[in-house]
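Chemist: Dumping the structure here so I can ask a few things about it.
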Amino acid sequence: MKNAHVIDSHSLTFVDSHCHLNYPDLFSDIDGVLKRALEHDIRYCLSINTRLSEIDALKKIADTYPQVFCTVGVHPHDAKDHGIADMLDQLAHHSTHPKVVGLGETGLDYYYDNSPREQQIESFEIHLDASTRLKLPIVIHTRDADADTLASIDKYPNATGVFHCFSGSVELAKAALDRGYYISFSGIITFKKAEELREVVGFTPADRILVETDSPFLAPIPHRGQPNQPAWTRVVAEKIAEIKGMPLGDVARITTENFFTLFSKAKRI
Ligand SMILES: [Zn+2]
Ligand SMILES: [Zn+2]
């Protein structure tokens, strides 16, 4: 019994299902970043690829740290810099690595329009095709592109994945859930003006929710203005617990199970 407290404090496990550990704000202190994550019970991190030129750096991080997995894919912002012709082969090739457990992030971003929309759609549909062929989930980034995102998804009904850093409408969330996708919430749910998003958290079934930071971006309240870090996944989980009136332990257990169900190639250590 005298160890009960110690056991208790180590009983939670969270997964940061979306971070960018190779970006300078995190990579420059990666040992410290992962240590602080562990101190907050974030025992696994999925580091997300945005450009194929960075996949080798990501694989190296995942090879170095047992608790880190990674994805391979092309961000919609970067679609313009990637050839479409060999993209499917590249995704297939890199995903043979044992720590590459998913595809993306991919999707459509019509808010920034950093790549021409036609190229974003082509790249997104290659990832959807790859998800179907390789049986790996995709990480979807979508902003101001609801109709086109759903139209592409509907062409590949056997693809699976997650709408990451969800910041869309109630309607988009319902459409994603109807199609069997998971929804991942970030620190945005702590922002003052995110009332509709908290409504989405309220009705999304717990067994379809993932948690993430999208670090080094989007630090949650009360850490605004600082580089975000995986440790603050805990702030997101605490907010979900508060909104849903659930014990934090249940949020930890269920969202971690969800992660390993969706990203089934990832093995617990
Ligand atoms: Zn994103
Ligand atoms: Zn991201």
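Chain lettering (A, B, ...) mirrors the order of the structure tokens, residue numbering begins at 1 for each chain separately, and ligand numbering begins at 1 in order of display.
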Residues within 7 Å of ligand 2, counting only C-alpha atoms and all ligand atoms: report them as a ChimeraX atom specification.

Modeler: /A:18-20,48,105,214

Chemist: Kindly assemble as a tab-separated table a list of the range 84-174 of chain A residues that lie within 10 Å of range 61-70 of chain A, each paired with its nearest atom pair and their distance in Å to one decimal, using only C-alpha atoms, sorted first by chain and then by ascending residue number.

Modeler:
```
residue	atom	partner	partner_atom	distance
A:Ser95	CA	A:Cys70	CA	9.5
A:His97	CA	A:Cys70	CA	9.7
A:Pro98	CA	A:Phe69	CA	8.9
A:Lys99	CA	A:Phe69	CA	5.2
A:Val100	CA	A:Cys70	CA	4.9
A:Val101	CA	A:Cys70	CA	6.2
A:Gly102	CA	A:Cys70	CA	7.2
A:Leu103	CA	A:Cys70	CA	8.8
A:Gly104	CA	A:Cys70	CA	9.6
```

Chemist: Tell me which protein, DNA and RNA residues are within 7 Å of range 31-34 of chain A, counting only C-alpha atoms, leaving out same-chain ones fewer than 4 positions away, and put them as a PDB file with C-alpha atoms, in the first residue's frame.

Modeler:
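New file out12.pdb:
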```pdb
ATOM      1  CA  LEU A  26      11.474  20.862 -30.623  1.00  0.00           C
ATOM      2  CA  LEU A  38       7.133  11.598 -19.902  1.00  0.00           C
ATOM      3  CA  GLN A 229       5.409  20.718 -26.797  1.00  0.00           C
TER       4      GLN A 229
END
```

Chemist: Using only C-alpha atoms and all ligand atoms, I'd like a table of the residues in chain A that come within 12 Å of ligand 1; for each, show the closest atom pair and its distance in Å rounded to one decimal, ordered by chain and ascending number, as CSV.

Modeler:
```
residue,atom,partner,partner_atom_place_in_ligand_line,distance
A:Ser17,CA,ligand 1,1 (Zn),11.6
A:His18,CA,ligand 1,1 (Zn),8.5
A:Cys19,CA,ligand 1,1 (Zn),9.4
A:His20,CA,ligand 1,1 (Zn),10.0
A:Ser47,CA,ligand 1,1 (Zn),11.8
A:Ile48,CA,ligand 1,1 (Zn),9.0
A:Asn49,CA,ligand 1,1 (Zn),10.1
A:Thr50,CA,ligand 1,1 (Zn),8.7
A:Gly73,CA,ligand 1,1 (Zn),11.6
A:Val74,CA,ligand 1,1 (Zn),10.6
A:His75,CA,ligand 1,1 (Zn),7.4
A:Pro76,CA,ligand 1,1 (Zn),8.7
A:His77,CA,ligand 1,1 (Zn),9.4
A:Asp78,CA,ligand 1,1 (Zn),11.6
A:Gly104,CA,ligand 1,1 (Zn),9.2
A:Glu105,CA,ligand 1,1 (Zn),6.4
A:Thr106,CA,ligand 1,1 (Zn),7.9
A:Gly107,CA,ligand 1,1 (Zn),8.5
A:Leu108,CA,ligand 1,1 (Zn),9.6
A:Asp109,CA,ligand 1,1 (Zn),8.9
A:Tyr112,CA,ligand 1,1 (Zn),11.9
A:Ile138,CA,ligand 1,1 (Zn),11.9
A:Val139,CA,ligand 1,1 (Zn),8.4
A:Ile140,CA,ligand 1,1 (Zn),7.3
A:His141,CA,ligand 1,1 (Zn),4.6
A:Thr142,CA,ligand 1,1 (Zn),7.4
A:Arg143,CA,ligand 1,1 (Zn),8.9
A:Val162,CA,ligand 1,1 (Zn),11.2
A:Phe163,CA,ligand 1,1 (Zn),9.1
A:His164,CA,ligand 1,1 (Zn),6.5
A:Cys165,CA,ligand 1,1 (Zn),6.5
A:Phe166,CA,ligand 1,1 (Zn),9.1
A:Ser167,CA,ligand 1,1 (Zn),10.5
A:Ser184,CA,ligand 1,1 (Zn),10.8
A:Phe185,CA,ligand 1,1 (Zn),11.5
A:Ser186,CA,ligand 1,1 (Zn),10.5
A:Glu212,CA,ligand 1,1 (Zn),10.8
A:Thr213,CA,ligand 1,1 (Zn),10.5
A:Asp214,CA,ligand 1,1 (Zn),7.1
A:Ser215,CA,ligand 1,1 (Zn),10.2
A:Pro216,CA,ligand 1,1 (Zn),11.5
A:Phe217,CA,ligand 1,1 (Zn),9.6
A:Leu218,CA,ligand 1,1 (Zn),10.6
```

Chemist: For Gly168 in chain A, which of A:Gln226, A:Ser53, A:Thr149, A:Thr233 is the closest residue, counting only C-alpha atoms?

Modeler: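 With only C-alpha atoms as the atom set, the closest residue is A:Thr149.
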
Chemist: CA of Thr261 in chain A to CA of Asp148 in chain A: how many Å, to one decimal?

Modeler: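 Calculated distance between CA of Thr261 in chain A and CA of Asp148 in chain A is 27.2 Å.
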
Chemist: Run DSSP on the backbone and tell me which residues of range 32-169 of chain A come out as helix (DSSP H, G or I); list them as an NGL selection string.

Modeler: :A and (32-39 or 52-64 or 76-81 or 87-94 or 117-134 or 146-155)

Chemist: I need the strand (DSSP E or B) residues of range 125-224 of chain A per DSSP on the backbone, written as JSON, numbers by chain.

Modeler: {"A": [138, 139, 140, 141, 142, 143, 161, 162, 163, 182, 183, 184, 185, 209, 210, 211, 215]}

Chemist: List the neighbours of Arg234 in chain A out to 10 Å using only C-alpha atoms; skip same-chain residues closer than 3 positions along the sequence, and give me the result as a PyMOL selection string.

Modeler: chain A and resi 13-16+37+40-42+187+211-213+230-231+237-240+248+252

Chemist: Please save N, CA and C atoms of the selected residues as a compact mmCIF listing (two decimals), in the first residue's frame.

Modeler:
```
# COMPACT_ATOMS: atom_id res chain seq x y z
N THR A 13 -1.46 6.95 -19.25
CA THR A 13 -0.68 6.97 -20.48
C THR A 13 -1.44 7.77 -21.52
N PHE A 14 -0.79 8.82 -22.02
CA PHE A 14 -1.35 9.61 -23.12
C PHE A 14 -0.47 9.44 -24.35
N VAL A 15 -1.07 9.64 -25.52
CA VAL A 15 -0.31 9.66 -26.77
C VAL A 15 -0.50 11.02 -27.41
N ASP A 16 0.60 11.69 -27.74
CA ASP A 16 0.50 12.88 -28.59
C ASP A 16 0.46 12.37 -30.02
N ALA A 37 7.65 15.42 -21.60
CA ALA A 37 6.46 14.69 -22.03
C ALA A 37 6.20 13.53 -21.06
N HIS A 40 4.73 14.23 -17.81
CA HIS A 40 3.29 14.51 -17.88
C HIS A 40 2.50 13.29 -18.38
N ASP A 41 3.15 12.12 -18.36
CA ASP A 41 2.52 10.84 -18.76
C ASP A 41 2.24 10.74 -20.26
N ILE A 42 2.91 11.55 -21.07
CA ILE A 42 2.80 11.38 -22.52
C ILE A 42 3.88 10.37 -22.89
N GLY A 187 -4.92 21.84 -28.75
CA GLY A 187 -5.08 22.95 -27.80
C GLY A 187 -6.10 23.99 -28.22
N VAL A 211 -6.01 12.63 -29.10
CA VAL A 211 -5.51 13.91 -28.60
C VAL A 211 -4.15 14.20 -29.22
N GLU A 212 -3.86 15.49 -29.37
CA GLU A 212 -2.61 15.89 -30.02
C GLU A 212 -2.25 17.30 -29.58
N THR A 213 -0.99 17.67 -29.88
CA THR A 213 -0.57 19.06 -29.66
C THR A 213 -0.40 19.84 -30.97
N PRO A 230 4.95 18.30 -26.72
CA PRO A 230 4.10 17.14 -26.46
C PRO A 230 3.57 17.06 -25.03
N ALA A 231 4.33 17.56 -24.04
CA ALA A 231 3.87 17.51 -22.64
C ALA A 231 2.47 18.09 -22.48
N ALA A 237 -6.22 16.86 -22.97
CA ALA A 237 -6.98 15.75 -22.37
C ALA A 237 -7.79 16.25 -21.16
N GLU A 238 -7.20 17.15 -20.38
CA GLU A 238 -7.92 17.69 -19.22
C GLU A 238 -9.15 18.47 -19.65
N LYS A 239 -9.02 19.20 -20.77
CA LYS A 239 -10.16 19.97 -21.27
C LYS A 239 -11.27 19.04 -21.76
N ILE A 240 -10.88 17.96 -22.42
CA ILE A 240 -11.88 16.98 -22.89
C ILE A 240 -12.60 16.37 -21.68
N LEU A 248 -10.24 12.01 -15.84
CA LEU A 248 -9.08 12.13 -16.73
C LEU A 248 -8.51 10.75 -17.08
N ALA A 252 -7.53 9.27 -20.74
CA ALA A 252 -6.20 8.72 -21.05
C ALA A 252 -6.33 7.31 -21.63
```

Chemist: Restricting the calculation to only C-alpha atoms, which member of A:Leu197, A:His127, A:Gly249, A:Ile188 is positioned closest to Val236 in chain A?

Modeler: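 Of all the options, A:Ile188 lies closest to Val236 in chain A.
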
Chemist: Choose the residue, out of A:Thr71, A:Ser264, A:Gln90, A:Thr190, that has the smallest atom-to-atom separation from Ile126 in chain A; count only C-alpha atoms.

Modeler: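 That would be A:Gln90, the residue with the smallest distance to Ile126 in chain A.
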